[in-house]
>>> print(open('input-v1.tsv').read())   # TSV, C-alpha atoms (C1' of nucleotides)
chain	number	residue	atom	x	y	z
A	1	MET	CA	115.82	107.99	83.63
A	2	PRO	CA	118.83	105.75	82.87
A	3	ALA	CA	122.11	107.10	84.15
A	4	LYS	CA	124.30	108.18	81.27
A	5	ARG	CA	127.02	105.67	80.68
A	6	LYS	CA	129.58	105.41	77.96
A	7	PRO	CA	129.25	102.63	75.43
A	8	ALA	CA	131.67	99.82	76.09
A	9	PRO	CA	135.01	100.16	74.29
A	10	ALA	CA	134.39	96.86	72.55
A	11	THR	CA	131.72	98.77	70.65
A	12	ALA	CA	133.79	99.77	67.68
A	13	GLU	CA	134.73	96.28	66.57
A	14	HIS	CA	131.38	94.65	67.36
A	15	ALA	CA	128.92	97.17	65.92
A	16	PRO	CA	126.15	96.66	68.45
A	17	LEU	CA	122.61	97.68	67.69
A	18	GLN	CA	121.39	101.02	68.97
A	19	LEU	CA	117.95	100.03	70.08
A	20	GLU	CA	116.76	103.60	70.45
A	21	HIS	CA	117.29	104.13	66.73
A	22	PHE	CA	116.24	100.69	65.64
A	23	LEU	CA	112.92	100.87	63.82
A	24	PRO	CA	111.42	97.55	64.91
A	25	TYR	CA	112.17	98.30	68.52
A	26	ARG	CA	110.75	101.80	68.38
A	27	LEU	CA	107.60	100.61	66.68
A	28	SER	CA	107.15	97.93	69.29
A	29	ILE	CA	107.45	100.33	72.20
A	30	LEU	CA	105.17	102.86	70.60
A	31	SER	CA	102.53	100.35	69.65
A	32	ASN	CA	102.46	98.72	73.06
A	33	THR	CA	102.28	102.01	74.87
A	34	ILE	CA	99.32	103.17	72.83
A	35	SER	CA	97.45	99.88	72.92
A	36	GLN	CA	97.99	99.57	76.62
A	37	ALA	CA	96.66	103.06	77.24
A	38	ILE	CA	93.48	102.19	75.41
A	39	ALA	CA	93.13	98.85	77.12
A	40	ASP	CA	93.52	100.51	80.51
A	41	ASP	CA	90.36	102.41	79.74
A	42	TYR	CA	88.19	99.32	79.67
A	43	GLN	CA	90.06	96.29	81.03
A	44	ARG	CA	89.16	96.65	84.68
A	45	ARG	CA	86.08	98.71	84.23
A	46	TYR	CA	84.34	96.27	81.91
A	47	ASP	CA	86.32	93.11	82.51
A	48	LEU	CA	87.10	92.99	78.82
A	49	SER	CA	90.40	91.86	77.31
A	50	MET	CA	92.00	93.40	74.23
A	51	THR	CA	91.22	90.37	72.15
A	52	GLU	CA	87.63	90.39	73.30
A	53	TRP	CA	87.34	94.05	72.43
A	54	ARG	CA	88.69	93.45	68.97
A	55	VAL	CA	86.20	90.71	68.36
A	56	MET	CA	83.39	92.97	69.46
A	57	ALA	CA	84.65	95.73	67.22
A	58	VAL	CA	84.47	93.61	64.09
A	59	LEU	CA	81.12	92.16	65.04
A	60	ALA	CA	79.83	95.69	65.42
A	61	ARG	CA	80.81	96.38	61.86
A	62	PHE	CA	79.93	93.08	60.25
A	63	GLU	CA	76.90	91.20	61.46
A	64	GLY	CA	76.73	87.48	61.08
A	65	LEU	CA	80.39	86.66	60.62
A	66	SER	CA	81.66	83.19	61.40
A	67	ALA	CA	84.48	82.66	63.86
A	68	ARG	CA	86.92	82.14	61.05
A	69	GLU	CA	85.94	85.40	59.43
A	70	VAL	CA	86.40	87.17	62.73
A	71	ALA	CA	89.87	85.67	62.91
A	72	GLU	CA	90.70	86.99	59.47
A	73	ARG	CA	89.49	90.46	60.21
A	74	THR	CA	91.21	90.76	63.57
A	75	ALA	CA	94.46	89.10	62.53
A	76	MET	CA	94.06	86.82	65.52
A	77	ASP	CA	94.37	83.09	65.31
A	78	LYS	CA	91.32	80.89	65.52
A	79	VAL	CA	92.08	79.54	68.97
A	80	ALA	CA	92.27	83.03	70.40
A	81	VAL	CA	89.02	83.91	68.70
A	82	SER	CA	87.34	80.79	70.00
A	83	ARG	CA	88.36	81.63	73.54
A	84	ALA	CA	87.33	85.25	73.28
A	85	LEU	CA	83.99	84.21	71.86
A	86	SER	CA	83.20	81.73	74.57
A	87	ARG	CA	83.81	84.40	77.19
A	88	LEU	CA	81.75	86.94	75.28
A	89	VAL	CA	78.87	84.55	74.77
A	90	GLU	CA	79.08	83.51	78.39
A	91	ALA	CA	78.89	87.15	79.43
A	92	GLY	CA	75.89	87.72	77.20
A	93	ARG	CA	77.62	90.20	74.95
A	94	VAL	CA	77.61	88.11	71.80
A	95	ASN	CA	75.12	85.61	70.53
A	96	ARG	CA	76.09	82.62	68.52
A	97	ASP	CA	73.75	80.79	66.18
A	98	ILE	CA	74.41	77.95	63.80
A	99	HIS	CA	74.58	78.54	60.10
A	100	ASP	CA	71.73	77.08	58.06
A	101	GLY	CA	73.17	74.59	55.69
A	102	ASP	CA	76.58	74.35	57.34
A	103	LYS	CA	76.34	73.15	60.88
A	104	ARG	CA	80.02	73.73	61.49
A	105	ARG	CA	79.84	77.48	61.13
A	106	SER	CA	78.66	79.85	63.75
A	107	VAL	CA	76.77	83.02	62.99
A	108	LEU	CA	77.83	85.74	65.35
A	109	GLY	CA	76.45	89.09	66.40
A	110	LEU	CA	76.35	91.50	69.30
A	111	THR	CA	73.51	91.27	71.76
A	112	GLU	CA	71.72	94.31	73.14
A	113	ALA	CA	74.15	94.32	76.04
A	114	GLY	CA	77.01	93.91	73.60
A	115	TRP	CA	75.90	96.94	71.64
A	116	ALA	CA	75.51	98.96	74.78
A	117	MET	CA	79.04	98.20	75.84
A	118	HIS	CA	80.35	98.82	72.36
A	119	ASP	CA	78.74	102.21	72.32
A	120	GLU	CA	80.60	103.15	75.45
A	121	VAL	CA	83.99	101.73	74.57
A	122	ALA	CA	84.27	102.78	70.93
A	123	PRO	CA	84.21	106.51	71.66
A	124	MET	CA	86.89	106.09	74.29
A	125	ALA	CA	89.11	104.25	71.85
A	126	ARG	CA	88.58	106.93	69.26
A	127	ALA	CA	89.37	109.62	71.79
A	128	ARG	CA	92.68	107.96	72.57
A	129	GLU	CA	93.53	107.77	68.91
A	130	ARG	CA	92.81	111.49	68.52
A	131	GLU	CA	95.01	112.18	71.51
A	132	VAL	CA	97.90	110.41	69.82
A	133	LEU	CA	97.34	112.00	66.45
A	134	ALA	CA	97.13	115.42	68.07
A	135	ARG	CA	100.88	115.23	68.56
A	136	LEU	CA	101.26	115.53	64.81
A	137	ASN	CA	100.38	118.40	62.54
A	138	ALA	CA	98.19	117.93	59.49
A	139	GLU	CA	101.08	117.37	57.14
A	140	GLU	CA	102.65	114.75	59.35
A	141	GLN	CA	99.36	112.95	59.69
A	142	ILE	CA	99.10	112.63	55.95
A	143	TRP	CA	102.61	111.27	55.67
A	144	LEU	CA	101.99	108.82	58.48
A	145	GLU	CA	98.95	107.47	56.69
A	146	ARG	CA	100.90	107.05	53.52
A	147	ILE	CA	103.90	105.49	55.22
A	148	LEU	CA	101.79	102.96	57.09
A	149	ASP	CA	100.12	101.98	53.85
A	150	LYS	CA	103.43	101.36	52.19
A	151	LEU	CA	104.97	99.51	55.10
A	152	GLN	CA	101.95	97.31	55.39
A	153	MET	CA	102.10	96.33	51.74
A	154	GLY	CA	105.25	94.31	52.14
A	155	ASN	CA	103.52	92.13	54.72
A	156	GLY	CA	101.27	90.13	52.47
A	157	GLU	CA	102.17	86.69	53.84
A	158	ARG	CA	102.00	86.75	57.62
A	159	GLY	CA	100.00	89.07	59.85
A	160	THR	CA	99.05	87.30	63.07
A	161	GLY	CA	99.19	87.57	66.81
A	162	ASN	CA	98.96	91.02	68.38
A	163	LYS	CA	97.32	93.39	70.83
A	164	SER	CA	95.24	96.50	71.09
B	1	MET	CA	91.13	87.05	51.69
B	2	PRO	CA	87.94	87.84	53.65
B	3	ALA	CA	84.83	87.66	51.55
B	4	LYS	CA	83.37	91.08	50.99
B	5	ARG	CA	80.36	91.64	53.14
B	6	LYS	CA	78.32	94.71	53.72
B	7	PRO	CA	78.56	96.39	57.07
B	8	ALA	CA	75.59	95.66	59.24
B	9	PRO	CA	72.75	98.13	58.89
B	10	ALA	CA	73.00	98.95	62.59
B	11	THR	CA	76.25	100.61	61.61
B	12	ALA	CA	74.93	104.09	61.13
B	13	GLU	CA	73.52	104.55	64.57
B	14	HIS	CA	76.30	102.77	66.44
B	15	ALA	CA	79.38	104.22	64.75
B	16	PRO	CA	81.59	101.12	64.98
B	17	LEU	CA	85.35	101.36	64.73
B	18	GLN	CA	86.96	100.61	61.40
B	19	LEU	CA	89.93	98.62	62.57
B	20	GLU	CA	91.70	98.84	59.23
B	21	HIS	CA	91.88	102.62	59.60
B	22	PHE	CA	92.41	102.69	63.31
B	23	LEU	CA	95.93	103.80	64.10
B	24	PRO	CA	96.57	101.72	67.24
B	25	TYR	CA	95.42	98.59	65.48
B	26	ARG	CA	97.50	99.22	62.40
B	27	LEU	CA	100.59	99.96	64.43
B	28	SER	CA	100.10	96.79	66.40
B	29	ILE	CA	99.85	94.60	63.33
B	30	LEU	CA	102.80	96.24	61.65
B	31	SER	CA	104.99	96.09	64.70
B	32	ASN	CA	104.24	92.47	65.42
B	33	THR	CA	104.79	91.43	61.85
B	34	ILE	CA	108.18	93.06	61.69
B	35	SER	CA	109.34	91.89	65.10
B	36	GLN	CA	108.21	88.39	64.37
B	37	ALA	CA	110.09	88.31	61.10
B	38	ILE	CA	113.28	89.25	62.88
B	39	ALA	CA	112.71	86.83	65.70
B	40	ASP	CA	112.16	84.02	63.21
B	41	ASP	CA	115.71	84.56	62.09
B	42	TYR	CA	117.22	83.53	65.39
B	43	GLN	CA	114.60	81.89	67.62
B	44	ARG	CA	115.02	78.33	66.48
B	45	ARG	CA	118.48	78.63	65.12
B	46	TYR	CA	120.02	79.96	68.32
B	47	ASP	CA	117.37	79.06	70.86
B	48	LEU	CA	117.14	82.74	71.79
B	49	SER	CA	113.95	84.56	72.72
B	50	MET	CA	113.17	88.13	71.78
B	51	THR	CA	113.61	89.30	75.32
B	52	GLU	CA	116.93	87.51	75.58
B	53	TRP	CA	118.07	89.11	72.38
B	54	ARG	CA	117.16	92.55	73.61
B	55	VAL	CA	119.11	92.02	76.78
B	56	MET	CA	122.13	90.92	74.78
B	57	ALA	CA	121.80	93.92	72.53
B	58	VAL	CA	122.00	96.42	75.38
B	59	LEU	CA	124.81	94.53	77.05
B	60	ALA	CA	126.70	94.69	73.79
B	61	ARG	CA	126.45	98.43	73.87
B	62	PHE	CA	126.85	99.08	77.58
B	63	GLU	CA	129.26	96.92	79.55
B	64	GLY	CA	128.71	96.41	83.23
B	65	LEU	CA	125.06	97.38	83.54
B	66	SER	CA	123.00	96.11	86.44
B	67	ALA	CA	119.79	94.18	85.84
B	68	ARG	CA	117.75	97.24	86.67
B	69	GLU	CA	119.62	99.32	84.14
B	70	VAL	CA	119.04	96.66	81.54
B	71	ALA	CA	115.35	96.82	82.35
B	72	GLU	CA	115.30	100.57	81.85
B	73	ARG	CA	117.09	100.41	78.55
B	74	THR	CA	114.98	97.59	77.13
B	75	ALA	CA	111.65	98.85	78.48
B	76	MET	CA	111.13	95.40	79.93
B	77	ASP	CA	110.11	94.83	83.50
B	78	LYS	CA	112.58	93.54	86.04
B	79	VAL	CA	111.07	90.09	86.30
B	80	ALA	CA	111.37	89.54	82.57
B	81	VAL	CA	114.95	90.71	82.69
B	82	SER	CA	115.72	88.45	85.61
B	83	ARG	CA	114.38	85.46	83.74
B	84	ALA	CA	116.16	86.31	80.53
B	85	LEU	CA	119.41	86.78	82.43
B	86	SER	CA	119.26	83.48	84.23
B	87	ARG	CA	118.83	81.69	80.93
B	88	LEU	CA	121.61	83.68	79.33
B	89	VAL	CA	123.99	83.10	82.22
B	90	GLU	CA	123.04	79.44	82.23
B	91	ALA	CA	123.82	79.22	78.53
B	92	GLY	CA	127.17	80.90	79.03
B	93	ARG	CA	126.33	83.94	76.98
B	94	VAL	CA	126.38	86.49	79.76
B	95	ASN	CA	128.48	86.67	82.87
B	96	ARG	CA	127.22	88.10	86.10
B	97	ASP	CA	129.44	89.50	88.83
B	98	ILE	CA	128.55	91.27	92.02
B	99	HIS	CA	129.07	94.98	92.35
B	100	ASP	CA	131.83	96.06	94.74
B	101	GLY	CA	130.27	98.07	97.46
B	102	ASP	CA	126.68	97.08	96.73
B	103	LYS	CA	126.11	93.39	97.04
B	104	ARG	CA	122.59	93.66	95.71
B	105	ARG	CA	123.61	94.76	92.26
B	106	SER	CA	124.88	92.54	89.53
B	107	VAL	CA	127.45	93.61	87.01
B	108	LEU	CA	126.65	92.16	83.63
B	109	GLY	CA	128.50	91.64	80.41
B	110	LEU	CA	128.65	89.39	77.37
B	111	THR	CA	130.99	86.44	77.42
B	112	GLU	CA	133.12	85.45	74.46
B	113	ALA	CA	130.34	83.16	73.32
B	114	GLY	CA	127.86	85.95	73.86
B	115	TRP	CA	129.84	88.28	71.65
B	116	ALA	CA	130.16	85.65	68.99
B	117	MET	CA	126.42	85.15	68.88
B	118	HIS	CA	125.80	88.87	68.97
B	119	ASP	CA	128.07	89.36	66.00
B	120	GLU	CA	125.97	86.93	64.01
B	121	VAL	CA	122.55	88.13	65.04
B	122	ALA	CA	123.03	91.90	64.93
B	123	PRO	CA	123.71	92.01	61.18
B	124	MET	CA	120.64	89.90	60.50
B	125	ALA	CA	118.49	92.28	62.50
B	126	ARG	CA	119.92	95.25	60.69
B	127	ALA	CA	119.32	93.57	57.36
B	128	ARG	CA	115.65	93.08	58.21
B	129	GLU	CA	115.34	96.70	59.20
B	130	ARG	CA	116.83	97.76	55.87
B	131	GLU	CA	114.39	95.47	54.11
B	132	VAL	CA	111.49	97.24	55.76
B	133	LEU	CA	112.83	100.71	55.18
B	134	ALA	CA	113.44	99.87	51.55
B	135	ARG	CA	109.70	100.06	51.03
B	136	LEU	CA	109.94	103.80	51.61
B	137	ASN	CA	111.71	106.42	49.56
B	138	ALA	CA	114.20	108.82	51.11
B	139	GLU	CA	111.65	111.51	51.80
B	140	GLU	CA	109.28	109.11	53.51
B	141	GLN	CA	112.08	107.76	55.65
B	142	ILE	CA	112.83	111.22	56.92
B	143	TRP	CA	109.21	111.87	57.76
B	144	LEU	CA	108.90	108.53	59.50
B	145	GLU	CA	111.86	109.34	61.71
B	146	ARG	CA	110.36	112.66	62.60
B	147	ILE	CA	106.90	111.27	63.20
B	148	LEU	CA	108.15	108.52	65.47
B	149	ASP	CA	110.08	111.08	67.48
B	150	LYS	CA	107.01	113.18	67.99
B	151	LEU	CA	104.72	110.28	68.79
B	152	GLN	CA	107.16	108.94	71.29
B	153	MET	CA	107.40	112.24	73.10
B	154	GLY	CA	103.90	112.03	74.49
B	155	ASN	CA	104.76	108.75	76.18
B	156	GLY	CA	106.88	110.01	79.03
B	157	GLU	CA	105.06	108.17	81.82
B	158	ARG	CA	104.64	104.57	80.87
B	159	GLY	CA	106.75	102.56	78.41
B	160	THR	CA	106.87	98.93	79.47
B	161	GLY	CA	106.19	95.39	78.31
B	162	ASN	CA	106.81	94.59	74.67
B	163	LYS	CA	108.52	92.43	72.06
B	164	SER	CA	111.25	92.37	69.43
C	1	DT	C1'	123.18	102.07	116.68
C	2	DC	C1'	118.73	100.68	116.03
C	3	DG	C1'	114.48	100.64	113.50
C	4	DT	C1'	112.13	102.06	109.38
C	5	DT	C1'	111.95	102.41	104.61
C	6	DA	C1'	113.82	101.81	99.92
C	7	DT	C1'	116.09	99.18	96.34
C	8	DA	C1'	118.03	94.97	93.58
C	9	DG	C1'	116.77	90.85	92.31
C	10	DT	C1'	114.35	86.21	92.67
C	11	DT	C1'	110.53	83.09	93.51
C	12	DA	C1'	105.81	81.42	93.45
C	13	DC	C1'	101.44	81.34	91.63
C	14	DA	C1'	97.77	82.66	88.41
C	15	DA	C1'	96.33	84.06	83.96
C	16	DA	C1'	97.24	84.38	78.99
C	17	DT	C1'	99.11	82.29	74.79
C	18	DG	C1'	100.55	78.93	71.30
C	19	DA	C1'	100.83	74.41	69.18
C	20	DA	C1'	98.97	70.15	68.41
C	21	DA	C1'	95.47	66.91	68.77
C	22	DC	C1'	90.86	66.42	68.43
C	23	DC	C1'	85.49	66.21	67.07
C	24	DA	C1'	82.01	67.16	63.86
C	25	DT	C1'	80.45	68.33	59.49
C	26	DA	C1'	81.30	69.09	54.51
C	27	DT	C1'	83.38	68.34	50.10
C	28	DG	C1'	85.58	65.86	46.29
C	29	DC	C1'	86.06	62.00	43.75
C	30	DA	C1'	86.36	57.01	42.60
D	1	DT	C1'	77.27	55.58	47.63
D	2	DG	C1'	81.68	55.38	50.41
D	3	DC	C1'	86.14	56.71	51.50
D	4	DA	C1'	89.77	60.21	51.74
D	5	DT	C1'	90.54	64.86	52.60
D	6	DA	C1'	89.41	69.61	53.98
D	7	DT	C1'	87.28	72.93	57.01
D	8	DG	C1'	85.15	75.15	61.32
D	9	DG	C1'	85.70	75.14	65.79
D	10	DT	C1'	87.04	73.43	70.59
D	11	DT	C1'	90.00	71.12	73.95
D	12	DT	C1'	94.31	69.87	75.99
D	13	DC	C1'	98.83	70.60	77.46
D	14	DA	C1'	103.17	73.05	77.70
D	15	DT	C1'	105.26	77.48	77.68
D	16	DT	C1'	105.18	82.34	78.47
D	17	DT	C1'	103.90	86.27	80.92
D	18	DG	C1'	102.20	89.28	84.68
D	19	DT	C1'	101.50	90.23	89.57
D	20	DA	C1'	102.49	89.89	94.16
D	21	DA	C1'	105.18	88.31	97.72
D	22	DC	C1'	109.64	87.55	99.33
D	23	DT	C1'	114.99	87.78	100.55
D	24	DA	C1'	118.92	90.37	101.03
D	25	DT	C1'	121.34	94.47	101.22
D	26	DA	C1'	121.55	99.43	101.58
D	27	DA	C1'	120.14	104.14	102.99
D	28	DC	C1'	117.99	107.24	106.15
D	29	DG	C1'	116.60	109.36	110.42
D	30	DA	C1'	115.86	109.48	115.42
>>> encode(input="input-v1.tsv", output="structure tokens")
Amino acid sequence: MPAKRKPAPATAEHAPLQLEHFLPYRLSILSNTISQAIADDYQRRYDLSMTEWRVMAVLARFEGLSAREVAERTAMDKVAVSRALSRLVEAGRVNRDIHDGDKRRSVLGLTEAGWAMHDEVAPMARAREREVLARLNAEEQIWLERILDKLQMGNGERGTGNKS
Amino acid sequence: MPAKRKPAPATAEHAPLQLEHFLPYRLSILSNTISQAIADDYQRRYDLSMTEWRVMAVLARFEGLSAREVAERTAMDKVAVSRALSRLVEAGRVNRDIHDGDKRRSVLGLTEAGWAMHDEVAPMARAREREVLARLNAEEQIWLERILDKLQMGNGERGTGNKS
DNA sequence: TCGTTATAGTTACAAATGAAACCATATGCA
DNA sequence: TGCATATGGTTTCATTTGTAACTATAACGA
């Protein structure tokens, strides 16, 4: 724990930020802590990165997406998706076909092995989420939902690059 | 916008995650979007990275910290702090002395130039925060505060590595 | 006082990430 | 048709980041 220390005297005239009350900073810490905790559950054990897991998660929900569609749904950029996919295909967790009638597009889906892994990791992720939400009571959970919805609305334009 | 597409039929038996309702994922997107928006304000203009800005922010509030104390207060690891500091010292924004009585420790503070930059960037950051909070009404803001406090409490152990 | 262990900070190397250039196929339009 | 432009996806290269090893100083105990 940081030793207590008085703010510098210069403080008054310079109005420095108080990071511990600064929303963007707090969100960042919180988000990274949670995402990291989840990732720790599978990173070493399955040799699976966060981006790879996200790709698998969307492919579990939507069969036959193209790489671009995966990118949209994961808010990752296409290069990151391409890299994740080549590792996943390599590892036999995802299979990649070519779209009939548009040879540029890939048609992606989980393999048997991919599904098996998914079915182990998804419950762990959900368990972690429950653990976090358990810190809130029912009323707070409802407000959180609502607040996230509203905060997210303002972000129409850009929503790229992230972890979990 | 992603084309609508029905979830794969396999869905029912495999219970895939719905990322768009998955708290860790939503937090991650939100946090990154906000942090990135702030960073865009100063990255190019001042040639200042997010980590560098965070270091400057704590040094603005607490004169004379050591590198380790900066690391604690920014939730960054010591290597990241070390790198940020060498750039900042190089650029003449931070000065680094040696602690009397412990030659290992550095004693850090903003230079004149550092203060000048701080006094330009801090208001921009605050303005962005206000912009985000403006999407919520007063009641929601109070709940958000309270919810963040409670969520953060569970995170005693680990709180490292992040952005903004 | 010496030897062991801990701490502050930096350096070196590997892995992850981002930006731009790049191929291949498709589309639009003269 | 045929050329210009757009799109899906991969590759390349530079930068960033994480991890481990390292140096220097300090603290502790015999």
>>> interface_residues(input="input-v1.tsv", of="chain D", to="chain A", cutoff="12 Å", atoms="all atoms listed in the file", output="ChimeraX atom specification")
/D:7-11
>>> residues_around(input="input-v1.tsv", residues="B:Val70", least_positions_apart="5", cutoff="8 Å", atoms="only C-alpha atoms (C1' of nucleotides)", output="ChimeraX atom specification")
/B:55,58-59,65,81
>>> calpha_fit_and_write(input="input-v1.tsv", fixed="chain B", moving="chain A", output="compact mmCIF listing (two decimals) with C-alpha atoms, in the frame of the given file")
# COMPACT_ATOMS: atom_id res chain seq x y z
CA MET A 1 91.48 87.06 51.86
CA PRO A 2 88.24 87.88 53.72
CA ALA A 3 85.13 87.60 51.61
CA LYS A 4 83.66 91.02 50.96
CA ARG A 5 80.63 91.57 53.09
CA LYS A 6 78.51 94.61 53.63
CA PRO A 7 78.67 96.35 56.97
CA ALA A 8 75.67 95.58 59.11
CA PRO A 9 72.78 98.03 58.73
CA ALA A 10 73.00 98.84 62.41
CA THR A 11 76.25 100.55 61.48
CA ALA A 12 74.90 104.02 60.96
CA GLU A 13 73.47 104.49 64.42
CA HIS A 14 76.28 102.72 66.30
CA ALA A 15 79.38 104.17 64.64
CA PRO A 16 81.57 101.09 64.91
CA LEU A 17 85.31 101.35 64.68
CA GLN A 18 86.96 100.62 61.35
CA LEU A 19 89.92 98.67 62.55
CA GLU A 20 91.72 98.87 59.23
CA HIS A 21 91.89 102.65 59.58
CA PHE A 22 92.39 102.72 63.30
CA LEU A 23 95.92 103.85 64.10
CA PRO A 24 96.55 101.78 67.23
CA TYR A 25 95.42 98.64 65.49
CA ARG A 26 97.50 99.27 62.40
CA LEU A 27 100.58 100.01 64.45
CA SER A 28 100.09 96.84 66.43
CA ILE A 29 99.82 94.65 63.35
CA LEU A 30 102.78 96.29 61.69
CA SER A 31 104.98 96.12 64.74
CA ASN A 32 104.21 92.49 65.44
CA THR A 33 104.75 91.45 61.87
CA ILE A 34 108.16 93.08 61.74
CA SER A 35 109.31 91.90 65.15
CA GLN A 36 108.16 88.40 64.43
CA ALA A 37 110.04 88.32 61.14
CA ILE A 38 113.22 89.25 62.93
CA ALA A 39 112.64 86.81 65.74
CA ASP A 40 112.07 84.01 63.24
CA ASP A 41 115.62 84.55 62.11
CA TYR A 42 117.13 83.51 65.41
CA GLN A 43 114.51 81.91 67.67
CA ARG A 44 114.89 78.32 66.55
CA ARG A 45 118.35 78.60 65.17
CA TYR A 46 119.91 79.94 68.35
CA ASP A 47 117.28 79.06 70.92
CA LEU A 48 117.06 82.71 71.84
CA SER A 49 113.88 84.55 72.79
CA MET A 50 113.11 88.15 71.85
CA THR A 51 113.58 89.31 75.39
CA GLU A 52 116.89 87.52 75.63
CA TRP A 53 118.02 89.10 72.40
CA ARG A 54 117.13 92.53 73.64
CA VAL A 55 119.09 92.02 76.79
CA MET A 56 122.09 90.92 74.79
CA ALA A 57 121.76 93.92 72.53
CA VAL A 58 121.99 96.40 75.37
CA LEU A 59 124.81 94.52 77.03
CA ALA A 60 126.69 94.68 73.76
CA ARG A 61 126.43 98.43 73.85
CA PHE A 62 126.88 99.06 77.55
CA GLU A 63 129.25 96.90 79.50
CA GLY A 64 128.74 96.41 83.18
CA LEU A 65 125.11 97.39 83.51
CA SER A 66 123.07 96.13 86.44
CA ALA A 67 119.86 94.21 85.89
CA ARG A 68 117.83 97.26 86.71
CA GLU A 69 119.67 99.33 84.16
CA VAL A 70 119.06 96.66 81.57
CA ALA A 71 115.38 96.84 82.42
CA GLU A 72 115.37 100.58 81.89
CA ARG A 73 117.11 100.40 78.58
CA THR A 74 114.99 97.60 77.18
CA ALA A 75 111.67 98.86 78.53
CA MET A 76 111.15 95.42 80.01
CA ASP A 77 110.15 94.86 83.58
CA LYS A 78 112.63 93.58 86.10
CA VAL A 79 111.10 90.13 86.40
CA ALA A 80 111.39 89.57 82.68
CA VAL A 81 114.97 90.75 82.77
CA SER A 82 115.78 88.49 85.68
CA ARG A 83 114.41 85.50 83.83
CA ALA A 84 116.17 86.34 80.60
CA LEU A 85 119.41 86.81 82.46
CA SER A 86 119.27 83.52 84.27
CA ARG A 87 118.81 81.73 80.97
CA LEU A 88 121.60 83.71 79.34
CA VAL A 89 123.99 83.10 82.20
CA GLU A 90 123.03 79.46 82.24
CA ALA A 91 123.77 79.23 78.53
CA GLY A 92 127.13 80.90 79.02
CA ARG A 93 126.29 83.93 76.95
CA VAL A 94 126.37 86.48 79.74
CA ASN A 95 128.48 86.65 82.83
CA ARG A 96 127.26 88.10 86.05
CA ASP A 97 129.53 89.48 88.75
CA ILE A 98 128.69 91.25 91.96
CA HIS A 99 129.21 94.95 92.30
CA ASP A 100 132.00 96.02 94.65
CA GLY A 101 130.47 98.02 97.40
CA ASP A 102 126.87 97.06 96.69
CA LYS A 103 126.32 93.36 96.98
CA ARG A 104 122.78 93.63 95.70
CA ARG A 105 123.75 94.77 92.24
CA SER A 106 124.96 92.55 89.50
CA VAL A 107 127.53 93.61 86.95
CA LEU A 108 126.68 92.16 83.60
CA GLY A 109 128.51 91.63 80.34
CA LEU A 110 128.64 89.37 77.33
CA THR A 111 130.97 86.41 77.36
CA GLU A 112 133.09 85.41 74.39
CA ALA A 113 130.29 83.12 73.27
CA GLY A 114 127.82 85.92 73.84
CA TRP A 115 129.79 88.24 71.61
CA ALA A 116 130.08 85.61 68.95
CA MET A 117 126.35 85.12 68.86
CA HIS A 118 125.74 88.84 68.94
CA ASP A 119 127.98 89.31 65.96
CA GLU A 120 125.88 86.89 63.99
CA VAL A 121 122.45 88.09 65.04
CA ALA A 122 122.95 91.85 64.92
CA PRO A 123 123.63 91.96 61.18
CA MET A 124 120.55 89.89 60.50
CA ALA A 125 118.41 92.25 62.53
CA ARG A 126 119.85 95.21 60.71
CA ALA A 127 119.23 93.54 57.38
CA ARG A 128 115.57 93.08 58.25
CA GLU A 129 115.27 96.70 59.23
CA ARG A 130 116.77 97.75 55.88
CA GLU A 131 114.31 95.48 54.13
CA VAL A 132 111.42 97.27 55.80
CA LEU A 133 112.80 100.73 55.22
CA ALA A 134 113.43 99.90 51.57
CA ARG A 135 109.68 100.12 51.05
CA LEU A 136 109.95 103.85 51.65
CA ASN A 137 111.72 106.47 49.62
CA ALA A 138 114.21 108.85 51.18
CA GLU A 139 111.66 111.54 51.86
CA GLU A 140 109.29 109.16 53.56
CA GLN A 141 112.07 107.80 55.70
CA ILE A 142 112.83 111.25 56.99
CA TRP A 143 109.20 111.90 57.82
CA LEU A 144 108.89 108.56 59.55
CA GLU A 145 111.84 109.37 61.76
CA ARG A 146 110.36 112.69 62.66
CA ILE A 147 106.89 111.31 63.25
CA LEU A 148 108.14 108.55 65.53
CA ASP A 149 110.06 111.11 67.54
CA LYS A 150 106.99 113.21 68.04
CA LEU A 151 104.69 110.32 68.83
CA GLN A 152 107.13 108.96 71.33
CA MET A 153 107.36 112.26 73.16
CA GLY A 154 103.85 112.06 74.50
CA ASN A 155 104.70 108.77 76.20
CA GLY A 156 106.82 110.04 79.03
CA GLU A 157 105.06 108.15 81.83
CA ARG A 158 104.66 104.52 80.84
CA GLY A 159 106.71 102.50 78.37
CA THR A 160 106.79 98.85 79.40
CA GLY A 161 106.13 95.36 78.18
CA ASN A 162 106.79 94.58 74.52
CA LYS A 163 108.47 92.44 71.89
CA SER A 164 111.06 92.47 69.18
>>> axis_aligned_box(input="input-v1.tsv", around="stretch 104-114 of chain A", padding_each_side="8 Å", output="JSON")
{"center_x": 75.9, "center_y": 84.0, "center_z": 68.6, "size_x": 24.3, "size_y": 36.6, "size_z": 30.9}
>>> closest_residue(input="input-v1.tsv", among="A:Ala71, A:Ala91, A:Ile38, A:Ala60", to="chain B", atoms="only C-alpha atoms")
A:Ala60
>>> closest_atom_pairs(input="input-v1.tsv", of="chain C", to="chain B", cutoff="12 Å", atoms="all atoms listed in the file", output="CSV")
residue,atom,partner,partner_atom,distance
C:DT7,C1',B:Arg104,CA,8.6
C:DA8,C1',B:Arg104,CA,5.2
C:DG9,C1',B:Ser82,CA,7.2
C:DT10,C1',B:Ser82,CA,7.5
C:DT11,C1',B:Val79,CA,10.1
>>> atom_distance(input="input-v1.tsv", atom1="atom CA of A:Asn137", atom2="atom CA of A:Ser31")
19.5 Å
